[in-house]
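Chemist: Structure: upload.cif, mmCIF, C-alpha atoms.
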data_query
loop_
_atom_site.label_atom_id
_atom_site.label_comp_id
_atom_site.auth_asym_id
_atom_site.auth_seq_id
_atom_site.Cartn_x
_atom_site.Cartn_y
_atom_site.Cartn_z
CA LEU A 1 -16.41 -6.42 -9.75
CA THR A 2 -17.37 -6.20 -6.06
CA LEU A 3 -14.99 -5.66 -3.16
CA GLN A 4 -16.17 -7.38 0.00
CA VAL A 5 -14.49 -5.91 3.10
CA VAL A 6 -14.39 -8.39 5.98
CA VAL A 7 -14.15 -7.36 9.64
CA ASP A 8 -13.73 -9.85 12.49
CA GLU A 9 -15.44 -8.73 15.71
CA GLU A 10 -13.72 -11.43 17.80
CA SER A 11 -10.28 -10.25 16.74
CA ARG A 12 -11.17 -6.76 17.96
CA PHE A 13 -11.02 -8.08 21.51
CA LEU A 14 -7.36 -8.98 20.93
CA GLN A 15 -6.36 -5.39 20.10
CA ARG A 16 -6.15 -2.22 22.17
CA CYS A 17 -8.79 0.09 20.71
CA GLY A 18 -6.51 3.14 20.72
CA ALA A 19 -3.47 1.36 19.31
CA PRO A 20 -2.02 2.85 16.09
CA LEU A 21 -2.13 -0.57 14.42
CA ASN A 22 -5.86 -0.84 15.08
CA ASN A 23 -6.39 2.52 13.37
CA ALA A 24 -4.13 1.57 10.45
CA LEU A 25 -5.98 -1.66 9.77
CA LEU A 26 -9.61 -0.80 10.41
CA ARG A 27 -9.98 2.91 9.83
CA GLU A 28 -7.45 3.50 7.07
CA GLY A 29 -8.19 0.13 5.48
CA ARG A 30 -11.87 1.03 5.40
CA ASP A 31 -11.14 4.43 3.85
CA ALA A 32 -8.91 2.86 1.19
CA ALA A 33 -11.64 0.38 0.29
CA LEU A 34 -14.12 3.23 -0.18
CA MET A 35 -11.64 5.06 -2.40
CA SER A 36 -10.91 2.06 -4.61
CA GLY A 37 -13.44 3.10 -7.25
CA VAL A 38 -15.40 -0.18 -7.12
CA PRO A 39 -18.57 -1.05 -5.16
CA ALA A 40 -17.62 -2.14 -1.63
CA LYS A 41 -19.66 -4.22 0.80
CA PHE A 42 -18.83 -4.45 4.52
CA VAL A 43 -19.50 -7.79 6.18
CA LEU A 44 -18.52 -9.73 9.29
CA LEU A 45 -16.20 -12.71 9.17
CA ASP A 46 -18.93 -14.91 10.67
CA ASP A 47 -21.23 -13.99 7.78
CA VAL A 48 -18.61 -15.12 5.27
CA LEU A 49 -17.96 -18.36 7.15
CA ASP A 50 -21.65 -19.19 7.43
CA GLU A 51 -22.33 -18.16 3.81
CA ARG A 52 -24.76 -15.41 4.79
CA ALA A 53 -22.58 -12.91 2.91
CA PRO A 54 -23.01 -12.89 -0.89
CA GLU A 55 -20.36 -14.16 -3.27
CA ALA A 56 -17.63 -11.71 -4.22
CA SER A 57 -14.86 -11.48 -6.77
CA VAL A 58 -12.47 -9.72 -4.35
CA TYR A 59 -12.21 -10.01 -0.57
CA LEU A 60 -10.29 -7.70 1.75
CA PHE A 61 -9.66 -9.09 5.25
CA LEU A 62 -8.76 -6.19 7.53
CA ASN A 63 -8.18 -7.93 10.88
CA ALA A 64 -8.67 -11.70 10.63
CA PHE A 65 -6.09 -12.47 13.31
CA ARG A 66 -7.92 -15.39 14.88
CA LEU A 67 -8.91 -18.33 12.69
CA SER A 68 -9.24 -21.99 13.55
CA ARG A 69 -8.04 -24.74 11.22
CA GLU A 70 -11.68 -25.56 10.41
CA GLU A 71 -12.45 -21.91 9.63
CA ARG A 72 -9.42 -21.63 7.35
CA GLY A 73 -10.62 -24.67 5.44
CA ARG A 74 -14.14 -23.30 5.03
CA LEU A 75 -12.84 -19.96 3.78
CA GLN A 76 -10.47 -21.53 1.26
CA GLU A 77 -13.19 -23.82 -0.04
CA ARG A 78 -15.40 -20.78 -0.60
CA PHE A 79 -12.61 -18.85 -2.34
CA ALA A 80 -11.99 -21.80 -4.66
CA GLN A 81 -15.66 -22.05 -5.59
CA GLU A 82 -15.84 -18.33 -6.36
CA LYS A 83 -12.39 -18.11 -8.03
CA ALA A 84 -11.86 -15.06 -5.86
CA ALA A 85 -8.90 -12.79 -5.24
CA VAL A 86 -8.27 -12.45 -1.50
CA ILE A 87 -6.28 -9.62 0.09
CA TRP A 88 -4.99 -10.24 3.63
CA LEU A 89 -3.58 -7.48 5.84
CA TYR A 90 -0.76 -7.88 8.36
CA ALA A 91 -1.05 -11.23 10.23
CA PRO A 92 -4.15 -13.20 9.18
CA GLY A 93 -4.72 -16.41 11.14
CA TYR A 94 -1.82 -15.71 13.52
CA LEU A 95 -3.89 -16.88 16.49
CA ASP A 96 -5.58 -20.24 16.90
CA GLU A 97 -5.18 -22.28 20.06
CA GLN A 98 -1.80 -20.56 20.30
CA ALA A 99 0.10 -17.93 18.33
CA GLY A 100 2.24 -18.99 15.36
CA VAL A 101 3.46 -17.55 12.06
CA ASN A 102 2.96 -20.96 10.45
CA GLN A 103 -0.77 -20.30 10.77
CA ILE A 104 -0.39 -17.17 8.63
CA ALA A 105 1.06 -19.38 5.90
CA GLU A 106 -1.74 -21.93 6.31
CA THR A 107 -4.33 -19.15 6.03
CA THR A 108 -2.88 -17.35 3.01
CA ARG A 109 -1.12 -20.33 1.36
CA ILE A 110 1.93 -18.06 1.07
CA ALA A 111 5.06 -19.10 2.96
CA VAL A 112 6.30 -16.56 5.50
CA ALA A 113 9.08 -16.27 8.08
CA PRO A 114 9.26 -14.14 11.23
CA PHE A 115 11.77 -11.41 11.94
CA SER A 116 13.97 -12.42 14.87
CA LYS A 117 13.17 -9.24 16.81
CA PRO A 118 10.64 -6.38 16.65
CA GLU A 119 11.12 -4.53 13.35
CA ARG A 120 10.02 -1.19 11.98
CA ALA A 121 7.45 -1.57 9.23
CA GLY A 122 7.28 0.62 6.14
CA SER A 123 7.64 -0.59 2.56
CA ARG A 124 8.57 0.45 -0.95
CA MET A 125 7.11 -0.82 -4.18
CA SER A 126 9.12 -3.27 -6.28
CA ILE A 127 6.99 -2.76 -9.40
CA ASP A 128 4.93 -0.02 -11.01
CA GLY A 129 1.29 -0.01 -9.93
CA VAL A 130 -1.81 1.92 -10.95
CA TRP A 131 -1.84 4.14 -7.84
CA ILE A 132 1.77 3.95 -6.73
CA ARG A 133 5.05 3.80 -8.63
CA GLN A 134 8.12 1.65 -8.28
CA ASN A 135 10.31 2.67 -5.29
CA GLU A 136 7.60 4.85 -3.77
CA THR A 137 7.22 4.26 -0.04
CA PHE A 138 4.10 3.49 1.94
CA GLY A 139 2.86 1.69 5.01
CA TYR A 140 2.88 1.81 8.78
CA ARG A 141 6.04 3.41 10.18
CA GLY A 142 5.89 1.96 13.69
CA VAL A 143 7.68 -1.03 15.21
CA LEU A 144 5.61 -4.21 15.04
CA SER A 145 5.85 -7.58 16.72
CA PRO A 146 5.05 -10.03 15.34
CA LEU A 147 6.14 -9.02 11.87
CA VAL A 148 6.71 -11.49 9.06
CA TYR A 149 8.27 -11.32 5.63
CA ILE A 150 7.29 -13.39 2.61
CA ASN A 151 9.56 -16.37 1.98
CA ASP A 152 7.84 -18.12 -0.92
CA GLY A 153 9.61 -18.81 -4.21
CA GLU A 154 6.27 -19.37 -5.97
CA ALA A 155 4.84 -15.97 -4.97
CA ASP A 156 5.27 -12.79 -7.04
CA VAL A 157 6.75 -10.04 -4.86
CA ILE A 158 5.30 -6.55 -5.29
CA ALA A 159 6.86 -4.69 -2.33
CA VAL A 160 9.71 -4.98 0.18
CA PHE A 161 10.36 -3.62 3.67
CA GLU A 162 12.49 -0.48 3.52
CA GLY A 163 14.85 -1.48 6.32
CA SER A 164 15.62 -5.12 5.54
CA GLY A 165 14.74 -5.37 1.85
CA LYS A 166 12.75 -8.51 2.59
CA PRO A 167 9.42 -9.01 0.75
CA SER A 168 6.46 -7.34 2.47
CA ALA A 169 3.73 -7.93 -0.14
CA ALA A 170 3.19 -10.62 -2.74
CA PHE A 171 0.51 -12.54 -4.59
CA LYS A 172 0.17 -16.19 -5.52
CA THR A 173 -2.32 -18.18 -7.57
CA ILE A 174 -3.45 -21.18 -5.55
CA GLN A 175 -3.87 -24.55 -7.30
CA THR A 176 -7.57 -24.71 -6.39
CA GLY A 177 -8.21 -21.59 -8.46
CA TRP A 178 -8.17 -18.57 -6.12
CA THR A 179 -5.55 -15.86 -5.77
CA SER A 180 -4.00 -14.93 -2.42
CA VAL A 181 -2.47 -11.49 -1.81
CA LEU A 182 -0.58 -11.05 1.47
CA ILE A 183 0.33 -7.54 2.62
CA ALA A 184 2.48 -8.00 5.72
CA ASP A 185 2.78 -4.22 6.13
CA SER A 186 -0.35 -3.02 7.84
CA ASN A 187 -1.68 -0.09 5.84
CA CYS A 188 -0.20 0.04 2.34
CA LEU A 189 -3.72 0.30 0.94
CA THR A 190 -3.71 3.98 1.88
CA ALA A 191 -1.16 5.03 -0.73
CA TYR A 192 -3.50 7.07 -2.92
CA ALA A 193 -1.81 10.46 -2.71
CA ALA A 194 -1.95 12.52 -5.92
CA CYS A 195 -4.77 10.36 -7.29
CA ASP A 196 -8.26 11.31 -8.42
CA ILE A 197 -10.61 9.06 -6.46
CA VAL A 198 -14.11 8.19 -7.68
CA ILE A 199 -16.60 6.81 -5.16
CA PRO A 200 -19.60 5.22 -6.93
CA LEU A 201 -23.11 6.13 -5.74
CA THR A 202 -23.69 2.44 -5.03
CA VAL A 203 -21.01 2.60 -2.31
CA ILE A 204 -22.77 5.50 -0.58
CA GLU A 205 -26.10 3.67 -0.81
CA GLU A 206 -24.50 0.53 0.65
CA LEU A 207 -23.07 2.50 3.58
CA ASP A 208 -26.39 4.22 4.17
CA GLY A 209 -28.08 0.83 4.40
CA LEU A 210 -25.48 -0.45 6.89
CA LYS A 211 -25.23 2.54 9.23
CA SER A 212 -28.10 1.44 11.49
CA ARG A 213 -26.46 -1.89 12.38
CA PRO A 214 -25.31 -2.09 16.04
CA ASP A 215 -22.11 -4.05 15.32
CA ASP A 216 -18.65 -3.19 13.95
CA VAL A 217 -19.97 -3.05 10.40
CA GLY A 218 -22.51 -0.40 11.38
CA ARG A 219 -19.93 1.61 13.31
CA ALA A 220 -17.53 1.48 10.36
CA ALA A 221 -20.28 2.59 7.97
CA ARG A 222 -21.23 5.55 10.18
CA ALA A 223 -17.60 6.61 10.53
CA ALA A 224 -17.03 6.30 6.79
CA LEU A 225 -20.06 8.45 6.01
CA ARG A 226 -18.86 11.12 8.45
CA HIS A 227 -15.40 11.04 6.84
CA LEU A 228 -16.83 11.38 3.34
CA GLU A 229 -19.03 14.28 4.44
CA GLU A 230 -15.96 16.04 5.91
CA ILE A 231 -14.16 15.63 2.57
CA ARG A 232 -17.21 16.97 0.71
CA LEU A 233 -17.42 20.04 2.96
CA ARG A 234 -13.70 20.77 2.65
CA ALA A 235 -13.99 20.57 -1.14
CA GLY A 236 -16.88 23.02 -1.15
#
What is this structure when it is put down as structure tokens?
Modeler:
Amino acid sequence: LTLQVVVDEESRFLQRCGAPLNNALLREGRDAALMSGVPAKFVLLDDVLDERAPEASVYLFLNAFRLSREERGRLQERFAQEKAAVIWLYAPGYLDEQAGVNQIAETTRIAVAPFSKPERAGSRMSIDGVWIRQNETFGYRGVLSPLVYINDGEADVIAVFEGSGKPSAAFKTIQTGWTSVLIADSNCLTAYAACDIVIPLTVIEELDGLKSRPDDVGRAARAALRHLEEIRLRAG
């Protein structure tokens, strides 16, 4: 099992660098991937699209806000070939030639609907999980716009927004053979409190090999290594 964490450099230009959402998606999403207990590789979206990135059994898309129709098709064809499970955070594919929540549905193959006004995020689990129990809360607590909820009768709901009770996370097996997991709340991957986390040596070696890259992947690797070293020093 390999977790391939995908970062989109182009979408970074569409976010304010100091915005809390940016931190929730990229920094906390990265940390959660490293704490998942499985080997994690960090790659760019362009490398996945152009098939320079290796095959993976699980993908985690942290900030794939901007995807064209052609790019969505190429990704989904790859997922089908690899029979992969794909985790999408917040609003994947929201931007193409113009913004639209219908493009989130086209990207994830999970039907969604927008809230009519800016809503406060924050979710609670609908089922028991390995790291988090039913009715435990998690996620970004700020007001987000756009914010969508899952409106798909064929998807299995795993979490709901605290305020509205509408589905915030769900998974669905796609007919072509891959599994789509949409997490409309932005940082529910960070709910690992009270857990013993094991980081395999292969993850550290992967980060060490990536830290010299001049792009977002390299910056994320360097930041992750610093964060892990801080944890190690605090633990003695």
Chemist: Counting all atoms listed in the file, figure out which residue out of A:Leu45, A:Val101, A:Ala121, A:Ala40 gets nearest to Glu10 (chain A).
Modeler: A:Leu45
Chemist: Do you have the CA of Gly122 (chain A)-CA of Val148 (chain A) distance handy?
Modeler: 12.5 Å
Chemist: Within 12 Å of (-20.8, -20.5, 3.8), all atoms listed in the file: residues as a list in words?
Modeler: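 Residues found, by chain and rising number: Leu45, Asp46, Asp47, Val48, Leu49, Asp50, Glu51, Arg52, Ala53, Pro54, Glu55, Glu71, Arg72, Gly73, Arg74, Leu75, Gln76, Glu77, Arg78, Phe79, Gln81 and Glu82 of chain A.
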Chemist: Would you pick out the contacts of Val5 (chain A) at 9 Å or less, using only C-alpha atoms, so that residues sharing its chain but fewer than 3 positions from it are not included, and give the list as a PDB file with C-alpha atoms, keeping the file's coordinate frame?
Modeler:
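See out.pdb below for the written result:
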ATOM      1  CA  ARG A  30     -11.870   1.030   5.400  1.00  0.00           C
ATOM      2  CA  ALA A  33     -11.640   0.380   0.290  1.00  0.00           C
ATOM      3  CA  ALA A  40     -17.620  -2.140  -1.630  1.00  0.00           C
ATOM      4  CA  LYS A  41     -19.660  -4.220   0.800  1.00  0.00           C
ATOM      5  CA  PHE A  42     -18.830  -4.450   4.520  1.00  0.00           C
ATOM      6  CA  VAL A  43     -19.500  -7.790   6.180  1.00  0.00           C
ATOM      7  CA  LEU A  44     -18.520  -9.730   9.290  1.00  0.00           C
ATOM      8  CA  VAL A  58     -12.470  -9.720  -4.350  1.00  0.00           C
ATOM      9  CA  TYR A  59     -12.210 -10.010  -0.570  1.00  0.00           C
ATOM     10  CA  LEU A  60     -10.290  -7.700   1.750  1.00  0.00           C
ATOM     11  CA  PHE A  61      -9.660  -9.090   5.250  1.00  0.00           C
ATOM     12  CA  LEU A  62      -8.760  -6.190   7.530  1.00  0.00           C
TER      13      LEU A  62
END
Chemist: Nearest residue to Leu67 (chain A) out of A:Thr2, A:Thr173, A:Thr108, A:Ser116, using only C-alpha atoms?
Modeler: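 Using only C-alpha atoms, Leu67 (chain A) sits closest to A:Thr108.
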Chemist: Nearest to Ile183 (chain A) among A:Leu144, A:Ile127, A:Val160, A:Ile204, with distances taken over all atoms listed in the file: which residue is it?
Modeler: A:Val160
